[in-house]
Amino acid sequence: MSFLNGLKELSCQSTPIIDEIIKCKCETHGEYEARKVQYESGLKYTAACPACLEEWKVEEERKEAIEREAHKIASARKRRREMGIEQMYDDATFATFNADTPILEKAVKVVRDLVDGNVKKIVMIGANGTGKTHLACAALQEIGGKIMTMFEISATLRATYSGDGNELAALDEMANYPLFVIDEIGRTKGSDADANWLSYIIDKRHVRGLPTILISNKHTRKTCAKEGCADCLENYIAEDVMSRLCENGVLLRFSGDDYRRKEGRHGGTTS
């Protein structure tokens with residue numbers, strides 16, 4: 001009979017006919033004193049080695065701690081996947097971001113301001129691997145919400161045309177995320193439908209006071225060496241959207257060496 005089960009059964013018994021302290025010997029810890037109890041029913045009980053019990057207790061606590069930590073990790077991973085954060089960015093937090101240039105220091109400050117509610121809209125532009133998606137995911141892990149590429153938004157909404165959901169309901173869900181990160185703007189040729197969807201989402205999030213981050217590898221017409229070309233961001237964002245973004249919005253230009261390469265990241269084609 002185990003120690004715990006023995007205690008449970010003993011509590012249901014009548015007064016014992018034997019109840020004494022005896023000397024016992026544990027094969028692991030040597031001699032110890034124990035209480036020996038015997039009832040008329042024949043049930044006998046001798047207390048287990050206290051050192052063994054303590055070791056058992058410590059081991060059980062260790063196992064429970066491991067299970068809690070595993071559950072915590074699994075829950076955090078599930079939450080990241082629900083937010084659209086890919087495995088590559090599982091450790092993307094403010095603490096793990098290496099802001100080793102003035103440009104990146106400014107970027108961290110602005111994104112933290114968004115998390116604190118002081119900034120509502122951020123447009124991040126710059127080459128691949130300069131830290132844009134890392135910082136956006138860091139903000140997501142603080143606030144909650146969703147990150148989607150413009151292609152994923154388009155594919156999700158077009159799927160409603162074949163009966164897979166409702167277009168307006170899908171748009172409204174995107175317009176209500178605590179934080180919505182729209183990645184890879186300009187990576188594919190935008191259609192009129194894409195422009196209309198983006199306009200609706202940005203407008204609704206603006207009037208609802210919800211934070212939004214837009215990410216693109218394009219440049220602005222103002223900084224374009226040709227004073228306007230196919231890679232200008234304005235070709236992919238409608239004028240009304242640009243107007244909304246200028247209200248309480250911040251444009252962050254990322255430049256420098258490939259951030260992922262500096263940080264030892266591998267794989268993926270994210271910003």
# chains A, B, ... in the order shown; residues from 1 in each chain; ligands from 1

$ closest_atom_pairs --of "range 46-92 of chain A" --to "range 139-142 of chain A" --cutoff "9 Å" --atoms "only C-alpha atoms" --output "JSON lines"
{"residue": "A:Arg79", "atom": "CA", "partner": "A:Gln141", "partner_atom": "CA", "distance": 8.9}
{"residue": "A:Arg80", "atom": "CA", "partner": "A:Gln141", "partner_atom": "CA", "distance": 7.5}
{"residue": "A:Met83", "atom": "CA", "partner": "A:Leu140", "partner_atom": "CA", "distance": 7.7}
{"residue": "A:Ile85", "atom": "CA", "partner": "A:Leu140", "partner_atom": "CA", "distance": 8.6}
{"residue": "A:Ala92", "atom": "CA", "partner": "A:Gln141", "partner_atom": "CA", "distance": 8.4}

$ residues_around --residues "Phe97 in chain A" --least-positions-apart "5" --cutoff "9 Å" --atoms "only C-alpha atoms" --output "ChimeraX atom specification"
/A:92,108,131,134-135,138,263

$ write_last_selection --atoms "N, CA and C atoms" --output "PDB file, in the first residue's frame"
ATOM      1  N   ALA A  92      11.269  36.633 -31.748  1.00  0.00           N
ATOM      2  CA  ALA A  92      11.294  38.050 -32.135  1.00  0.00           C
ATOM      3  C   ALA A  92      10.616  38.896 -31.069  1.00  0.00           C
ATOM      4  N   VAL A 108      13.067  51.084 -32.892  1.00  0.00           N
ATOM      5  CA  VAL A 108      12.619  50.444 -31.654  1.00  0.00           C
ATOM      6  C   VAL A 108      11.770  51.417 -30.838  1.00  0.00           C
ATOM      7  N   GLY A 131      15.267  44.059 -40.443  1.00  0.00           N
ATOM      8  CA  GLY A 131      14.695  44.052 -39.097  1.00  0.00           C
ATOM      9  C   GLY A 131      13.246  44.468 -39.003  1.00  0.00           C
ATOM     10  N   HIS A 134      10.896  41.560 -37.671  1.00  0.00           N
ATOM     11  CA  HIS A 134      11.241  41.262 -36.274  1.00  0.00           C
ATOM     12  C   HIS A 134      10.549  42.250 -35.344  1.00  0.00           C
ATOM     13  N   LEU A 135      10.680  43.542 -35.641  1.00  0.00           N
ATOM     14  CA  LEU A 135      10.076  44.551 -34.765  1.00  0.00           C
ATOM     15  C   LEU A 135       8.549  44.486 -34.796  1.00  0.00           C
ATOM     16  N   ALA A 138       7.568  41.668 -32.650  1.00  0.00           N
ATOM     17  CA  ALA A 138       7.780  42.038 -31.247  1.00  0.00           C
ATOM     18  C   ALA A 138       6.574  42.801 -30.722  1.00  0.00           C
ATOM     19  N   GLU A 263      22.271  38.411 -37.250  1.00  0.00           N
ATOM     20  CA  GLU A 263      21.755  37.714 -36.069  1.00  0.00           C
ATOM     21  C   GLU A 263      21.767  36.201 -36.208  1.00  0.00           C
TER      22      GLU A 263
END

$ select_by_dssp --residues "range 25-257 of chain A" --states "strand (DSSP E)" --output "number ranges by chain"
A: 25-26, 30-38, 44-46, 121-126, 146-149, 180-183, 212-216, 249-254

$ atom_distance --atom1 "CA of Thr223 in chain A" --atom2 "CA of Trp197 in chain A"
26.7 Å

$ select_by_dssp --residues "range 51-208 of chain A" --states "helix (DSSP H, G or I)" --output "ChimeraX atom specification"
/A:51-83,87-89,102-115,132-143,150-162,167-174,192-207

$ residues_around --residues "range 126-128 of chain A" --least-positions-apart "3" --cutoff "6 Å" --atoms "only C-alpha atoms" --output "ChimeraX atom specification"
/A:217,253-255,271

$ write_last_selection --atoms "N, CA and C atoms" --output "CSV table (one decimal), in the first residue's frame"
chain,number,residue,atom,x,y,z
A,217,ASN,N,9.1,46.5,-49.1
A,217,ASN,CA,10.4,46.6,-49.6
A,217,ASN,C,10.6,47.7,-50.6
A,253,ARG,N,12.3,54.2,-42.2
A,253,ARG,CA,13.2,53.7,-43.3
A,253,ARG,C,14.3,52.9,-42.7
A,254,PHE,N,14.3,51.6,-43.1
A,254,PHE,CA,15.3,50.6,-42.6
A,254,PHE,C,16.4,50.5,-43.7
A,255,SER,N,17.6,50.5,-43.2
A,255,SER,CA,18.7,50.4,-44.2
A,255,SER,C,19.9,49.7,-43.4
A,271,SER,N,10.6,40.2,-44.4
A,271,SER,CA,11.3,41.5,-44.5
A,271,SER,C,12.1,41.8,-43.3

$ atom_distance --atom1 "CA of Ile66 in chain A" --atom2 "CA of Gly145 in chain A"
28.8 Å

$ residues_around --residues "range 23-29 of chain A" --least-positions-apart "3" --cutoff "9 Å" --atoms "only C-alpha atoms" --output "PyMOL selection string"
chain A and resi 32-35+46+48-49+51-52

$ write_last_selection --atoms "C-alpha atoms" --output "JSON list (two decimals), in the first residue's frame"
[["chain", "number", "residue", "atom", "x", "y", "z"],
["A", 32, "TYR", "CA", 14.49, 5.89, 10.97],
["A", 33, "GLU", "CA", 11.62, 5.97, 13.45],
["A", 34, "ALA", "CA", 8.13, 5.29, 12.21],
["A", 35, "ARG", "CA", 4.60, 4.98, 13.51],
["A", 46, "THR", "CA", 3.93, 1.62, 8.88],
["A", 48, "ALA", "CA", 7.43, 5.28, 5.04],
["A", 49, "CYS", "CA", 10.95, 6.64, 5.22],
["A", 51, "ALA", "CA", 13.74, 10.98, 3.42],
["A", 52, "CYS", "CA", 12.18, 8.86, 0.66]]

$ closest_residue --among "A:Cys229, A:Leu171, A:Phe94, A:Asn235" --to "Lys109 in chain A" --atoms "only C-alpha atoms"
A:Phe94

$ residues_around --residues "Ser154 in chain A" --least-positions-apart "5" --cutoff "12 Å" --atoms "only C-alpha atoms" --output "CSV table (one decimal) with N, CA and C atoms, in the first residue's frame"
chain,number,residue,atom,x,y,z
A,148,MET,N,-0.3,39.4,-41.6
A,148,MET,CA,-0.7,38.8,-42.9
A,148,MET,C,0.0,39.5,-44.0
A,149,THR,N,0.4,38.8,-45.0
A,149,THR,CA,1.0,39.4,-46.2
A,149,THR,C,-0.2,39.9,-47.1
A,159,ALA,N,-11.4,34.0,-51.5
A,159,ALA,CA,-11.9,32.7,-51.2
A,159,ALA,C,-13.4,32.8,-50.8
A,160,THR,N,-13.8,34.0,-50.3
A,160,THR,CA,-15.2,34.1,-49.9
A,160,THR,C,-16.1,34.1,-51.1
A,161,TYR,N,-15.6,34.4,-52.3
A,161,TYR,CA,-16.4,34.4,-53.6
A,161,TYR,C,-16.9,33.0,-53.9
A,167,GLU,N,-17.3,37.9,-47.3
A,167,GLU,CA,-16.2,38.9,-47.5
A,167,GLU,C,-16.3,40.1,-46.5
A,170,ALA,N,-15.0,38.9,-43.1
A,170,ALA,CA,-13.6,38.7,-43.1
A,170,ALA,C,-12.9,40.0,-43.0
A,171,LEU,N,-13.4,41.0,-43.8
A,171,LEU,CA,-12.8,42.4,-43.7
A,171,LEU,C,-12.9,43.0,-42.4
A,174,MET,N,-10.4,41.6,-39.9
A,174,MET,CA,-9.1,42.3,-40.1
A,174,MET,C,-9.1,43.7,-39.6
A,182,ILE,N,0.4,44.4,-41.9
A,182,ILE,CA,0.2,44.0,-43.3
A,182,ILE,C,1.6,44.0,-43.9
A,184,GLU,N,4.6,42.8,-46.9
A,184,GLU,CA,4.9,42.5,-48.4
A,184,GLU,C,4.0,43.3,-49.3
A,185,ILE,N,3.7,44.6,-48.9
A,185,ILE,CA,2.9,45.4,-49.8
A,185,ILE,C,3.8,45.8,-51.0
A,188,THR,N,3.5,41.8,-55.0
A,188,THR,CA,2.8,41.4,-56.1
A,188,THR,C,2.0,42.6,-56.7
A,189,LYS,N,1.7,42.5,-58.0
A,189,LYS,CA,1.0,43.6,-58.6
A,189,LYS,C,-0.4,43.7,-58.0
A,190,GLY,N,-0.7,44.8,-57.5
A,190,GLY,CA,-1.9,45.0,-56.8
A,190,GLY,C,-3.1,45.3,-57.8
A,191,SER,N,-4.2,44.7,-57.5
A,191,SER,CA,-5.4,44.9,-58.3
A,191,SER,C,-6.3,46.0,-57.7
A,192,ASP,N,-7.3,46.4,-58.4
A,192,ASP,CA,-8.3,47.4,-57.9
A,192,ASP,C,-8.9,46.9,-56.6
A,193,ALA,N,-9.2,45.5,-56.6
A,193,ALA,CA,-9.8,44.9,-55.4
A,193,ALA,C,-8.9,45.0,-54.2
A,194,ASP,N,-7.6,44.7,-54.5
A,194,ASP,CA,-6.6,44.9,-53.4
A,194,ASP,C,-6.6,46.3,-52.8
A,195,ALA,N,-6.6,47.3,-53.7
A,195,ALA,CA,-6.6,48.7,-53.3
A,195,ALA,C,-7.8,49.0,-52.5
A,196,ASN,N,-9.0,48.5,-52.9
A,196,ASN,CA,-10.2,48.8,-52.2
A,196,ASN,C,-10.2,48.1,-50.8
A,197,TRP,N,-9.8,46.9,-50.7
A,197,TRP,CA,-9.7,46.2,-49.5
A,197,TRP,C,-8.8,46.9,-48.5
A,198,LEU,N,-7.6,47.2,-49.0
A,198,LEU,CA,-6.6,47.9,-48.1
A,198,LEU,C,-7.2,49.2,-47.6

$ atom_distance --atom1 "CA of Thr220 in chain A" --atom2 "CA of Lys204 in chain A"
24.0 Å
